[in-house]
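Text of start-v3.pdb, listed as PDB, C-alpha atoms, pLDDT in the B column:
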MODEL        1
ATOM      1  CA  MET O   1     193.865  51.374  92.116  1.00 79.00           C
ATOM      2  CA  ILE O   2     194.541  47.677  91.606  1.00 76.00           C
ATOM      3  CA  ASP O   3     190.825  46.975  91.791  1.00 72.00           C
ATOM      4  CA  GLU O   4     190.148  49.543  89.075  1.00 74.00           C
ATOM      5  CA  LEU O   5     192.886  48.298  86.741  1.00 76.00           C
ATOM      6  CA  ARG O   6     192.642  44.537  87.284  1.00 71.00           C
ATOM      7  CA  CYS O   7     190.377  43.894  84.273  1.00 73.00           C
ATOM      8  CA  SER O   8     192.754  45.536  81.792  1.00 77.00           C
ATOM      9  CA  HIS O   9     196.165  44.615  83.256  1.00 79.00           C
ATOM     10  CA  GLY O  10     195.688  41.447  85.319  1.00 79.00           C
ATOM     11  CA  ILE O  11     195.992  40.933  89.059  1.00 79.00           C
ATOM     12  CA  THR O  12     199.342  39.143  89.032  1.00 83.00           C
ATOM     13  CA  ARG O  13     201.104  41.894  87.095  1.00 81.00           C
ATOM     14  CA  LEU O  14     199.622  44.697  89.209  1.00 82.00           C
ATOM     15  CA  LEU O  15     200.478  42.968  92.492  1.00 82.00           C
ATOM     16  CA  SER O  16     204.016  42.394  91.254  1.00 83.00           C
ATOM     17  CA  ILE O  17     204.476  46.069  90.304  1.00 84.00           C
ATOM     18  CA  THR O  18     203.085  47.367  93.599  1.00 84.00           C
ATOM     19  CA  GLY O  19     204.759  44.742  95.780  1.00 86.00           C
ATOM     20  CA  ILE O  20     201.492  43.877  97.535  1.00 85.00           C
ATOM     21  CA  PRO O  21     201.114  40.212  98.599  1.00 87.00           C
ATOM     22  CA  ARG O  22     198.226  38.401  96.917  1.00 83.00           C
ATOM     23  CA  SER O  23     196.784  37.375 100.315  1.00 84.00           C
ATOM     24  CA  SER O  24     196.692  41.011 101.479  1.00 83.00           C
ATOM     25  CA  TYR O  25     194.854  42.090  98.336  1.00 78.00           C
ATOM     26  CA  TYR O  26     192.176  39.378  98.648  1.00 79.00           C
ATOM     27  CA  LYS O  27     191.773  40.042 102.363  1.00 81.00           C
ATOM     28  CA  TRP O  28     191.151  43.703 101.487  1.00 76.00           C
ATOM     29  CA  ARG O  29     188.570  42.716  98.865  1.00 76.00           C
ATOM     30  CA  ALA O  30     186.774  40.443 101.345  1.00 78.00           C
ATOM     31  CA  THR O  31     186.407  43.239 103.909  1.00 77.00           C
ATOM     32  CA  GLN O  32     185.596  46.043 101.433  1.00 74.00           C
ATOM     33  CA  PRO O  33     181.771  45.648 101.683  1.00 71.00           C
ATOM     34  CA  GLN O  34     182.031  45.988 105.474  1.00 75.00           C
ATOM     35  CA  ARG O  35     184.088  49.174 105.136  1.00 73.00           C
ATOM     36  CA  ASP O  36     181.600  50.566 102.619  1.00 72.00           C
ATOM     37  CA  ALA O  37     178.729  49.827 105.025  1.00 74.00           C
ATOM     38  CA  ILE O  38     180.607  51.536 107.883  1.00 74.00           C
ATOM     39  CA  GLN O  39     181.239  54.594 105.690  1.00 76.00           C
ATOM     40  CA  ASP O  40     177.557  54.698 104.691  1.00 76.00           C
ATOM     41  CA  ARG O  41     176.489  54.556 108.356  1.00 78.00           C
ATOM     42  CA  GLU O  42     178.937  57.330 109.277  1.00 81.00           C
ATOM     43  CA  ARG O  43     177.718  59.503 106.400  1.00 83.00           C
ATOM     44  CA  GLU O  44     174.122  58.993 107.549  1.00 83.00           C
ATOM     45  CA  SER O  45     175.108  59.865 111.130  1.00 82.00           C
ATOM     46  CA  LYS O  46     176.804  63.063 109.936  1.00 85.00           C
ATOM     47  CA  GLU O  47     173.722  64.121 107.961  1.00 85.00           C
ATOM     48  CA  HIS O  48     171.469  63.553 110.989  1.00 85.00           C
ATOM     49  CA  MET O  49     173.904  65.378 113.276  1.00 86.00           C
ATOM     50  CA  MET O  50     173.958  68.432 110.999  1.00 86.00           C
ATOM     51  CA  ALA O  51     170.148  68.486 110.872  1.00 85.00           C
ATOM     52  CA  ILE O  52     169.922  68.118 114.660  1.00 84.00           C
ATOM     53  CA  HIS O  53     172.466  70.917 115.104  1.00 83.00           C
ATOM     54  CA  PHE O  54     170.472  73.251 112.818  1.00 82.00           C
ATOM     55  CA  THR O  55     167.322  72.742 114.870  1.00 81.00           C
ATOM     56  CA  ASN O  56     168.947  72.449 118.327  1.00 81.00           C
ATOM     57  CA  ARG O  57     172.107  74.556 118.366  1.00 82.00           C
ATOM     58  CA  GLU O  58     172.383  74.255 122.139  1.00 83.00           C
ATOM     59  CA  PHE O  59     172.919  70.466 121.964  1.00 86.00           C
ATOM     60  CA  GLY O  60     176.356  69.265 123.012  1.00 85.00           C
ATOM     61  CA  TYR O  61     177.568  65.754 122.193  1.00 85.00           C
ATOM     62  CA  PRO O  62     175.676  64.007 125.082  1.00 89.00           C
ATOM     63  CA  ARG O  63     172.276  65.358 123.984  1.00 87.00           C
ATOM     64  CA  MET O  64     173.261  64.868 120.354  1.00 86.00           C
ATOM     65  CA  THR O  65     173.905  61.178 121.149  1.00 87.00           C
ATOM     66  CA  THR O  66     170.449  60.886 122.731  1.00 88.00           C
ATOM     67  CA  ALA O  67     168.788  62.584 119.737  1.00 85.00           C
ATOM     68  CA  LEU O  68     170.531  60.181 117.345  1.00 85.00           C
ATOM     69  CA  CYS O  69     169.315  57.190 119.377  1.00 83.00           C
ATOM     70  CA  GLU O  70     165.761  58.553 119.255  1.00 82.00           C
ATOM     71  CA  ALA O  71     166.130  58.794 115.459  1.00 78.00           C
ATOM     72  CA  GLY O  72     167.109  55.092 115.347  1.00 78.00           C
ATOM     73  CA  LEU O  73     170.876  55.611 114.997  1.00 80.00           C
ATOM     74  CA  ASN O  74     172.743  53.868 117.806  1.00 82.00           C
ATOM     75  CA  VAL O  75     176.029  55.794 117.798  1.00 84.00           C
ATOM     76  CA  ASN O  76     178.603  55.607 120.612  1.00 85.00           C
ATOM     77  CA  HIS O  77     179.053  58.914 122.481  1.00 88.00           C
ATOM     78  CA  LYS O  78     182.799  58.901 121.799  1.00 89.00           C
ATOM     79  CA  LYS O  79     182.132  58.663 118.075  1.00 87.00           C
ATOM     80  CA  VAL O  80     179.576  61.489 118.318  1.00 87.00           C
ATOM     81  CA  TRP O  81     182.195  63.620 120.088  1.00 90.00           C
ATOM     82  CA  ARG O  82     184.756  62.864 117.346  1.00 88.00           C
ATOM     83  CA  ILE O  83     182.310  63.725 114.540  1.00 87.00           C
ATOM     84  CA  THR O  84     181.211  66.979 116.230  1.00 86.00           C
ATOM     85  CA  ARG O  85     184.877  68.044 116.267  1.00 87.00           C
ATOM     86  CA  GLU O  86     185.337  66.913 112.664  1.00 85.00           C
ATOM     87  CA  LEU O  87     182.248  68.880 111.499  1.00 83.00           C
ATOM     88  CA  SER O  88     183.066  71.873 113.755  1.00 83.00           C
ATOM     89  CA  ILE O  89     179.713  71.506 115.519  1.00 82.00           C
ATOM     90  CA  GLN O  90     179.736  73.576 118.688  1.00 82.00           C
ATOM     91  CA  SER O  91     176.826  73.981 121.039  1.00 81.00           C
ATOM     92  CA  VAL O  92     175.492  77.459 121.734  1.00 76.00           C
ATOM     93  CA  ILE O  93     175.222  78.419 125.391  1.00 72.00           C
ATOM     94  CA  ARG O  94     171.559  78.986 126.087  1.00 64.00           C
ATOM     95  CA  LYS O  95     170.211  81.984 127.910  1.00 66.00           C
ATOM     96  CA  LYS O  96     167.689  81.153 130.575  1.00 65.00           C
ATOM     97  CA  PRO O  97     164.407  81.011 128.656  1.00 60.00           C
ATOM     98  CA  LYS O  98     161.585  83.292 129.551  1.00 63.00           C
ATOM     99  CA  LYS O  99     158.521  81.517 130.803  1.00 59.00           C
ATOM    100  CA  SER O 100     156.376  80.647 127.818  1.00 55.00           C
ATOM    101  CA  SER O 101     153.019  82.325 127.680  1.00 55.00           C
ATOM    102  CA  TYR O 102     151.765  79.839 125.075  1.00 55.00           C
ATOM    103  CA  THR O 103     148.859  77.662 126.099  1.00 59.00           C
ATOM    104  CA  PRO O 104     147.215  75.239 123.676  1.00 61.00           C
ATOM    105  CA  SER O 105     144.039  76.658 122.189  1.00 69.00           C
ATOM    106  CA  VAL O 106     142.352  73.346 121.422  1.00 77.00           C
ATOM    107  CA  ILE O 107     143.172  69.852 122.670  1.00 82.00           C
ATOM    108  CA  TYR O 108     141.230  66.812 121.522  1.00 81.00           C
ATOM    109  CA  SER O 109     141.099  63.409 123.166  1.00 84.00           C
ATOM    110  CA  ASN O 110     143.121  60.584 121.597  1.00 87.00           C
ATOM    111  CA  ARG O 111     140.503  58.849 119.436  1.00 85.00           C
ATOM    112  CA  LEU O 112     142.889  56.377 117.780  1.00 85.00           C
ATOM    113  CA  LYS O 113     144.384  55.033 121.035  1.00 85.00           C
ATOM    114  CA  ARG O 114     147.174  53.317 119.047  1.00 85.00           C
ATOM    115  CA  GLN O 115     144.673  51.506 116.789  1.00 86.00           C
ATOM    116  CA  PHE O 116     146.627  52.269 113.618  1.00 85.00           C
ATOM    117  CA  HIS O 117     144.680  49.933 111.317  1.00 87.00           C
ATOM    118  CA  ALA O 118     141.937  51.136 108.983  1.00 90.00           C
ATOM    119  CA  THR O 119     139.494  49.033 106.962  1.00 91.00           C
ATOM    120  CA  ALA O 120     138.875  51.622 104.228  1.00 89.00           C
ATOM    121  CA  PRO O 121     140.473  54.780 102.787  1.00 89.00           C
ATOM    122  CA  GLN O 122     139.903  58.152 104.447  1.00 89.00           C
ATOM    123  CA  GLN O 123     139.032  56.654 107.841  1.00 91.00           C
ATOM    124  CA  LYS O 124     142.189  57.206 109.862  1.00 93.00           C
ATOM    125  CA  MET O 125     144.787  59.766 108.848  1.00 92.00           C
ATOM    126  CA  VAL O 126     147.984  60.716 110.650  1.00 94.00           C
ATOM    127  CA  THR O 127     150.049  63.870 110.240  1.00 93.00           C
ATOM    128  CA  ASP O 128     153.430  65.067 111.410  1.00 93.00           C
ATOM    129  CA  ILE O 129     156.400  67.260 110.516  1.00 91.00           C
ATOM    130  CA  THR O 130     159.972  66.119 109.937  1.00 88.00           C
ATOM    131  CA  TYR O 131     163.045  67.650 108.310  1.00 84.00           C
ATOM    132  CA  ILE O 132     165.029  66.814 105.196  1.00 85.00           C
ATOM    133  CA  SER O 133     168.730  67.674 105.078  1.00 80.00           C
ATOM    134  CA  ASN O 134     171.228  67.764 102.228  1.00 74.00           C
ATOM    135  CA  GLY O 135     174.156  68.091 104.631  1.00 71.00           C
ATOM    136  CA  SER O 136     174.417  71.884 104.614  1.00 73.00           C
ATOM    137  CA  THR O 137     170.817  73.078 104.871  1.00 78.00           C
ATOM    138  CA  PHE O 138     167.381  71.590 105.461  1.00 81.00           C
ATOM    139  CA  VAL O 139     163.651  72.129 104.998  1.00 88.00           C
ATOM    140  CA  TYR O 140     160.618  70.995 106.958  1.00 90.00           C
ATOM    141  CA  LEU O 141     158.296  68.383 105.475  1.00 93.00           C
ATOM    142  CA  SER O 142     154.663  68.181 106.605  1.00 95.00           C
ATOM    143  CA  VAL O 143     152.708  65.088 105.520  1.00 96.00           C
ATOM    144  CA  ILE O 144     149.271  63.514 105.905  1.00 95.00           C
ATOM    145  CA  GLN O 145     149.215  59.716 105.588  1.00 95.00           C
ATOM    146  CA  ASP O 146     146.259  57.361 105.160  1.00 94.00           C
ATOM    147  CA  LEU O 147     146.629  54.401 107.533  1.00 93.00           C
ATOM    148  CA  PHE O 148     144.548  52.190 105.228  1.00 93.00           C
ATOM    149  CA  ASN O 149     147.338  51.805 102.649  1.00 93.00           C
ATOM    150  CA  ASN O 150     150.052  54.168 103.996  1.00 92.00           C
ATOM    151  CA  GLU O 151     149.458  56.523 101.074  1.00 93.00           C
ATOM    152  CA  ILE O 152     150.770  60.067 101.477  1.00 94.00           C
ATOM    153  CA  VAL O 153     147.655  62.044 100.517  1.00 93.00           C
ATOM    154  CA  ALA O 154     149.162  65.515 101.029  1.00 94.00           C
ATOM    155  CA  TRP O 155     152.589  67.013 101.662  1.00 95.00           C
ATOM    156  CA  GLN O 156     154.196  70.437 101.826  1.00 94.00           C
ATOM    157  CA  LEU O 157     157.760  71.737 102.185  1.00 93.00           C
ATOM    158  CA  SER O 158     158.775  74.916 103.999  1.00 91.00           C
ATOM    159  CA  LYS O 159     161.815  76.611 105.490  1.00 87.00           C
ATOM    160  CA  ARG O 160     159.699  77.380 108.565  1.00 86.00           C
ATOM    161  CA  ASN O 161     158.174  74.955 111.057  1.00 85.00           C
ATOM    162  CA  ASP O 162     155.031  76.959 111.717  1.00 88.00           C
ATOM    163  CA  VAL O 163     151.234  76.813 111.706  1.00 90.00           C
ATOM    164  CA  GLN O 164     151.050  77.913 108.075  1.00 93.00           C
ATOM    165  CA  LEU O 165     152.940  74.802 106.989  1.00 93.00           C
ATOM    166  CA  VAL O 166     150.320  72.468 108.493  1.00 93.00           C
ATOM    167  CA  LEU O 167     147.465  74.663 107.240  1.00 95.00           C
ATOM    168  CA  ASP O 168     148.814  74.396 103.691  1.00 95.00           C
ATOM    169  CA  THR O 169     149.079  70.610 104.052  1.00 94.00           C
ATOM    170  CA  VAL O 170     145.489  70.277 105.270  1.00 94.00           C
ATOM    171  CA  GLU O 171     144.303  72.610 102.503  1.00 93.00           C
ATOM    172  CA  GLN O 172     145.964  70.423  99.876  1.00 94.00           C
ATOM    173  CA  TRP O 173     144.353  67.305 101.378  1.00 93.00           C
ATOM    174  CA  THR O 174     140.846  68.773 101.579  1.00 91.00           C
ATOM    175  CA  GLN O 175     140.984  70.002  97.997  1.00 90.00           C
ATOM    176  CA  LYS O 176     141.848  66.509  96.733  1.00 82.00           C
ATOM    177  CA  ARG O 177     139.555  64.310  98.883  1.00 77.00           C
ATOM    178  CA  GLY O 178     136.245  64.138 100.661  1.00 80.00           C
ATOM    179  CA  VAL O 179     137.347  64.334 104.286  1.00 84.00           C
ATOM    180  CA  SER O 180     134.161  64.761 106.324  1.00 82.00           C
ATOM    181  CA  GLU O 181     134.320  61.301 107.972  1.00 83.00           C
ATOM    182  CA  ALA O 182     138.094  61.157 108.491  1.00 89.00           C
ATOM    183  CA  VAL O 183     139.914  61.255 111.814  1.00 91.00           C
ATOM    184  CA  LEU O 184     143.139  63.296 111.540  1.00 91.00           C
ATOM    185  CA  HIS O 185     145.574  62.266 114.275  1.00 92.00           C
ATOM    186  CA  SER O 186     148.594  64.356 115.324  1.00 90.00           C
ATOM    187  CA  ASP O 187     150.992  64.581 118.267  1.00 87.00           C
ATOM    188  CA  GLN O 188     149.230  67.846 119.297  1.00 83.00           C
ATOM    189  CA  GLY O 189     152.363  69.968 119.045  1.00 83.00           C
ATOM    190  CA  PHE O 190     151.899  73.727 119.048  1.00 83.00           C
ATOM    191  CA  GLN O 191     150.893  73.813 115.368  1.00 86.00           C
ATOM    192  CA  TYR O 192     148.166  71.209 115.883  1.00 88.00           C
ATOM    193  CA  THR O 193     146.663  72.838 118.977  1.00 86.00           C
ATOM    194  CA  SER O 194     146.405  76.313 117.428  1.00 86.00           C
ATOM    195  CA  GLN O 195     142.971  77.778 116.847  1.00 87.00           C
ATOM    196  CA  ALA O 196     143.696  78.283 113.142  1.00 87.00           C
ATOM    197  CA  TYR O 197     144.569  74.603 112.589  1.00 87.00           C
ATOM    198  CA  ASN O 198     141.566  73.279 114.474  1.00 84.00           C
ATOM    199  CA  SER O 199     139.201  75.640 112.629  1.00 84.00           C
TER     200      SER O 199
ENDMDL
END
Starting from the file, give its structure as structure tokens.
Amino acid sequence: MIDELRCSHGITRLLSITGIPRSSYYKWRATQPQRDAIQDRERESKEHMMAIHFTNREFGYPRMTTALCEAGLNVNHKKVWRITRELSIQSVIRKKPKKSSYTPSVIYSNRLKRQFHATAPQQKMVTDITYISNGSTFVYLSVIQDLFNNEIVAWQLSKRNDVQLVLDTVEQWTQKRGVSEAVLHSDQGFQYTSQAYNS
């Protein structure tokens, strides 16, 4: 409140009215950016945790901590436990899964072999799916990126993480560009090893 009113009423008067020592006020001002940064990091952690919970409802706080680390957020497990309680995130007990009958239809060899540099456009393309959350719900984002200049040459949003999402992304790309000489690299998840995608 003092910080908001100091321009119109003066620091000395406001500190006198509130009975706050001048040194305490300036110490608070000096540490405010740090507190803001901490709050920003916690807000980001909460958004990631909600998105992780939507996609992996069986995750308790230990696996949630691991997933956050894999996403580049180094959050202490005790803090993850506190936030899961605060957000009422509760893991769902999993039934023993049936043995999957899915086998990849088409698997290609890794032609890029971590050589992620291209000398011209439309040589080396990479594609993947991620999610975007607004804190209460999320959608899947499928993108194709040109490694020559990191341009996103095609992207699609969907509420479902399925083969159709990647097919729509490829369709958008092929309609916009000549793609006959391009290598399209993926992590060969189930969408990318389906017969429909490889056709």
All file atoms of range 149-158 of chain O boxed axis-aligned, 5 Å per side, centre plus edges, as JSON:
{"center_x": 153.1, "center_y": 63.4, "center_z": 102.3, "size_x": 21.4, "size_y": 33.1, "size_z": 13.5}
Care to translate the PyMOL selection byres ((chain O and resi 152) around 10) into actual residues of this file, as a list in words? Met125, Val126, Thr127, Val143, Ile144, Gln145, Asp146, Leu147, Asn149, Asn150, Glu151, Val153, Ala154, Trp155 and Trp173 of chain O
Identify which of the residues O:Gly72, O:Gly189, O:Gly19, O:Gly135 lies closest to Met49 in chain O, counting all atoms listed in the file when measuring atom-to-atom distances.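 Of O:Gly72, O:Gly189, O:Gly19, O:Gly135, the one nearest Met49 in chain O, counting all atoms listed in the file, is O:Gly135.
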Could you please determine the separation between CA of Met50 in chain O and CA of Thr193 in chain O in Å, to one decimal place? 28.8 Å
Would you work out the distance separating CA of Gln123 in chain O from CA of Val106 in chain O, expressed in Å to one decimal?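 Atom-to-atom, CA of Gln123 in chain O and CA of Val106 in chain O are spaced 21.8 Å apart.
Taking only C-alpha atoms into account, Lys124 in chain O lies nearest to O:His185 out of the set O:His185, O:Arg82, O:Lys176, O:Arg160.
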Restricting the calculation to only C-alpha atoms: of O:Ser23, O:Thr119, O:Tyr131, O:Arg111, which residue gets closest to Leu184 in chain O?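 Of the candidates, the smallest distance to Leu184 in chain O is held by O:Arg111.
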Compile the contact shell of Asn56 in chain O as a PDB file with C-alpha atoms, in the coordinates of the input: residues with an atom at most 9 Å away, counting all atoms listed in the file, same-chain residues fewer than 4 positions apart removed.
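So around-v3.pdb came out as:
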ATOM      1  CA  ALA O  51     170.148  68.486 110.872  1.00 85.00           C
ATOM      2  CA  ILE O  52     169.922  68.118 114.660  1.00 84.00           C
ATOM      3  CA  MET O  64     173.261  64.868 120.354  1.00 86.00           C
ATOM      4  CA  SER O  91     176.826  73.981 121.039  1.00 81.00           C
ATOM      5  CA  VAL O  92     175.492  77.459 121.734  1.00 76.00           C
TER       6      VAL O  92
END
For the provided coordinates, the residues matched by the PyMOL selection byres ((chain O and resi 53) around 12) should be stated as a PyMOL selection string. chain O and resi 46-52+54-61+63-65+67-68+84+87-92+133+135-138
Might you spell out which residues the PyMOL selection byres ((chain O and resi 158) around 9) would select in the displayed file, as a count of residues only? 11
Can you tell me how far CA of Gly10 in chain O sits from CA of Arg22 in chain O, in Å to one decimal?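 Computed distance, CA of Gly10 in chain O to CA of Arg22 in chain O, equals 12.3 Å.
Distances to Glu181 in chain O were evaluated for O:Ile107, O:Ala120, O:Leu15, O:Ala30 using all atoms listed in the file, and the minimum falls at O:Ala120.
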Taking into account all atoms listed in the file, which residue in the set O:Gln164, O:Gln115, O:Gln32, O:Gln122 is nearest to Ser194 in chain O? O:Gln164
Selected residue of minimal separation from Lys79 in chain O among O:Ser24, O:Ser45, O:Gln188, O:Thr18, counting only C-alpha atoms: O:Ser45
What would range 140-166 of chain O look like if you wrote it out as a PDB file, in the first residue's frame, with N, CA and C atoms included, from the block I just posted?
ATOM      1  N   TYR O 140      -3.275 -30.055 -27.225  1.00  0.00           N
ATOM      2  CA  TYR O 140      -2.031 -30.574 -27.781  1.00  0.00           C
ATOM      3  C   TYR O 140      -1.613 -29.733 -28.983  1.00  0.00           C
ATOM      4  N   LEU O 141      -0.322 -29.468 -29.071  1.00  0.00           N
ATOM      5  CA  LEU O 141       0.246 -28.689 -30.163  1.00  0.00           C
ATOM      6  C   LEU O 141       1.226 -29.573 -30.931  1.00  0.00           C
ATOM      7  N   SER O 142       0.959 -29.747 -32.216  1.00  0.00           N
ATOM      8  CA  SER O 142       1.860 -30.492 -33.105  1.00  0.00           C
ATOM      9  C   SER O 142       2.545 -29.497 -34.029  1.00  0.00           C
ATOM     10  N   VAL O 143       3.879 -29.578 -34.131  1.00  0.00           N
ATOM     11  CA  VAL O 143       4.623 -28.614 -34.951  1.00  0.00           C
ATOM     12  C   VAL O 143       5.620 -29.333 -35.855  1.00  0.00           C
ATOM     13  N   ILE O 144       5.949 -28.677 -36.971  1.00  0.00           N
ATOM     14  CA  ILE O 144       7.070 -29.083 -37.820  1.00  0.00           C
ATOM     15  C   ILE O 144       7.993 -27.883 -37.908  1.00  0.00           C
ATOM     16  N   GLN O 145       9.267 -28.097 -37.611  1.00  0.00           N
ATOM     17  CA  GLN O 145      10.257 -27.010 -37.549  1.00  0.00           C
ATOM     18  C   GLN O 145      11.373 -27.272 -38.545  1.00  0.00           C
ATOM     19  N   ASP O 146      11.795 -26.223 -39.236  1.00  0.00           N
ATOM     20  CA  ASP O 146      12.918 -26.298 -40.173  1.00  0.00           C
ATOM     21  C   ASP O 146      14.208 -26.005 -39.406  1.00  0.00           C
ATOM     22  N   LEU O 147      15.136 -26.943 -39.404  1.00  0.00           N
ATOM     23  CA  LEU O 147      16.378 -26.767 -38.645  1.00  0.00           C
ATOM     24  C   LEU O 147      17.316 -25.745 -39.271  1.00  0.00           C
ATOM     25  N   PHE O 148      17.054 -25.325 -40.505  1.00  0.00           N
ATOM     26  CA  PHE O 148      17.900 -24.323 -41.143  1.00  0.00           C
ATOM     27  C   PHE O 148      17.820 -22.984 -40.416  1.00  0.00           C
ATOM     28  N   ASN O 149      16.599 -22.549 -40.108  1.00  0.00           N
ATOM     29  CA  ASN O 149      16.420 -21.247 -39.431  1.00  0.00           C
ATOM     30  C   ASN O 149      15.459 -21.322 -38.254  1.00  0.00           C
ATOM     31  N   ASN O 150      15.122 -22.559 -37.822  1.00  0.00           N
ATOM     32  CA  ASN O 150      14.199 -22.796 -36.706  1.00  0.00           C
ATOM     33  C   ASN O 150      12.790 -22.277 -36.955  1.00  0.00           C
ATOM     34  N   GLU O 151      12.447 -22.099 -38.228  1.00  0.00           N
ATOM     35  CA  GLU O 151      11.097 -21.636 -38.568  1.00  0.00           C
ATOM     36  C   GLU O 151      10.083 -22.753 -38.325  1.00  0.00           C
ATOM     37  N   ILE O 152       8.945 -22.393 -37.731  1.00  0.00           N
ATOM     38  CA  ILE O 152       7.831 -23.329 -37.614  1.00  0.00           C
ATOM     39  C   ILE O 152       7.066 -23.263 -38.929  1.00  0.00           C
ATOM     40  N   VAL O 153       7.142 -24.313 -39.729  1.00  0.00           N
ATOM     41  CA  VAL O 153       6.545 -24.292 -41.072  1.00  0.00           C
ATOM     42  C   VAL O 153       5.121 -24.829 -41.079  1.00  0.00           C
ATOM     43  N   ALA O 154       4.715 -25.508 -40.004  1.00  0.00           N
ATOM     44  CA  ALA O 154       3.336 -25.991 -39.889  1.00  0.00           C
ATOM     45  C   ALA O 154       3.037 -26.266 -38.427  1.00  0.00           C
ATOM     46  N   TRP O 155       1.788 -26.023 -38.036  1.00  0.00           N
ATOM     47  CA  TRP O 155       1.380 -26.339 -36.658  1.00  0.00           C
ATOM     48  C   TRP O 155      -0.128 -26.543 -36.607  1.00  0.00           C
ATOM     49  N   GLN O 156      -0.543 -27.410 -35.692  1.00  0.00           N
ATOM     50  CA  GLN O 156      -1.959 -27.697 -35.502  1.00  0.00           C
ATOM     51  C   GLN O 156      -2.241 -27.890 -34.013  1.00  0.00           C
ATOM     52  N   LEU O 157      -3.437 -27.492 -33.592  1.00  0.00           N
ATOM     53  CA  LEU O 157      -3.893 -27.685 -32.219  1.00  0.00           C
ATOM     54  C   LEU O 157      -5.024 -28.706 -32.202  1.00  0.00           C
ATOM     55  N   SER O 158      -5.096 -29.488 -31.122  1.00  0.00           N
ATOM     56  CA  SER O 158      -6.177 -30.462 -30.994  1.00  0.00           C
ATOM     57  C   SER O 158      -6.373 -30.807 -29.523  1.00  0.00           C
ATOM     58  N   LYS O 159      -7.580 -31.228 -29.190  1.00  0.00           N
ATOM     59  CA  LYS O 159      -7.845 -31.725 -27.839  1.00  0.00           C
ATOM     60  C   LYS O 159      -7.426 -33.182 -27.698  1.00  0.00           C
ATOM     61  N   ARG O 160      -7.061 -33.817 -28.820  1.00  0.00           N
ATOM     62  CA  ARG O 160      -6.673 -35.224 -28.792  1.00  0.00           C
ATOM     63  C   ARG O 160      -5.246 -35.397 -29.315  1.00  0.00           C
ATOM     64  N   ASN O 161      -4.488 -36.224 -28.619  1.00  0.00           N
ATOM     65  CA  ASN O 161      -3.122 -36.547 -29.039  1.00  0.00           C
ATOM     66  C   ASN O 161      -3.191 -37.837 -29.855  1.00  0.00           C
ATOM     67  N   ASP O 162      -3.528 -37.695 -31.136  1.00  0.00           N
ATOM     68  CA  ASP O 162      -3.753 -38.887 -31.947  1.00  0.00           C
ATOM     69  C   ASP O 162      -3.081 -38.751 -33.312  1.00  0.00           C
ATOM     70  N   VAL O 163      -3.249 -39.783 -34.131  1.00  0.00           N
ATOM     71  CA  VAL O 163      -2.616 -39.805 -35.455  1.00  0.00           C
ATOM     72  C   VAL O 163      -3.154 -38.677 -36.326  1.00  0.00           C
ATOM     73  N   GLN O 164      -4.438 -38.372 -36.203  1.00  0.00           N
ATOM     74  CA  GLN O 164      -5.030 -37.342 -37.046  1.00  0.00           C
ATOM     75  C   GLN O 164      -4.359 -35.987 -36.827  1.00  0.00           C
ATOM     76  N   LEU O 165      -3.953 -35.716 -35.612  1.00  0.00           N
ATOM     77  CA  LEU O 165      -3.279 -34.443 -35.326  1.00  0.00           C
ATOM     78  C   LEU O 165      -1.995 -34.316 -36.152  1.00  0.00           C
ATOM     79  N   VAL O 166      -1.171 -35.365 -36.191  1.00  0.00           N
ATOM     80  CA  VAL O 166       0.075 -35.271 -36.951  1.00  0.00           C
ATOM     81  C   VAL O 166      -0.198 -35.309 -38.463  1.00  0.00           C
TER      82      VAL O 166
END
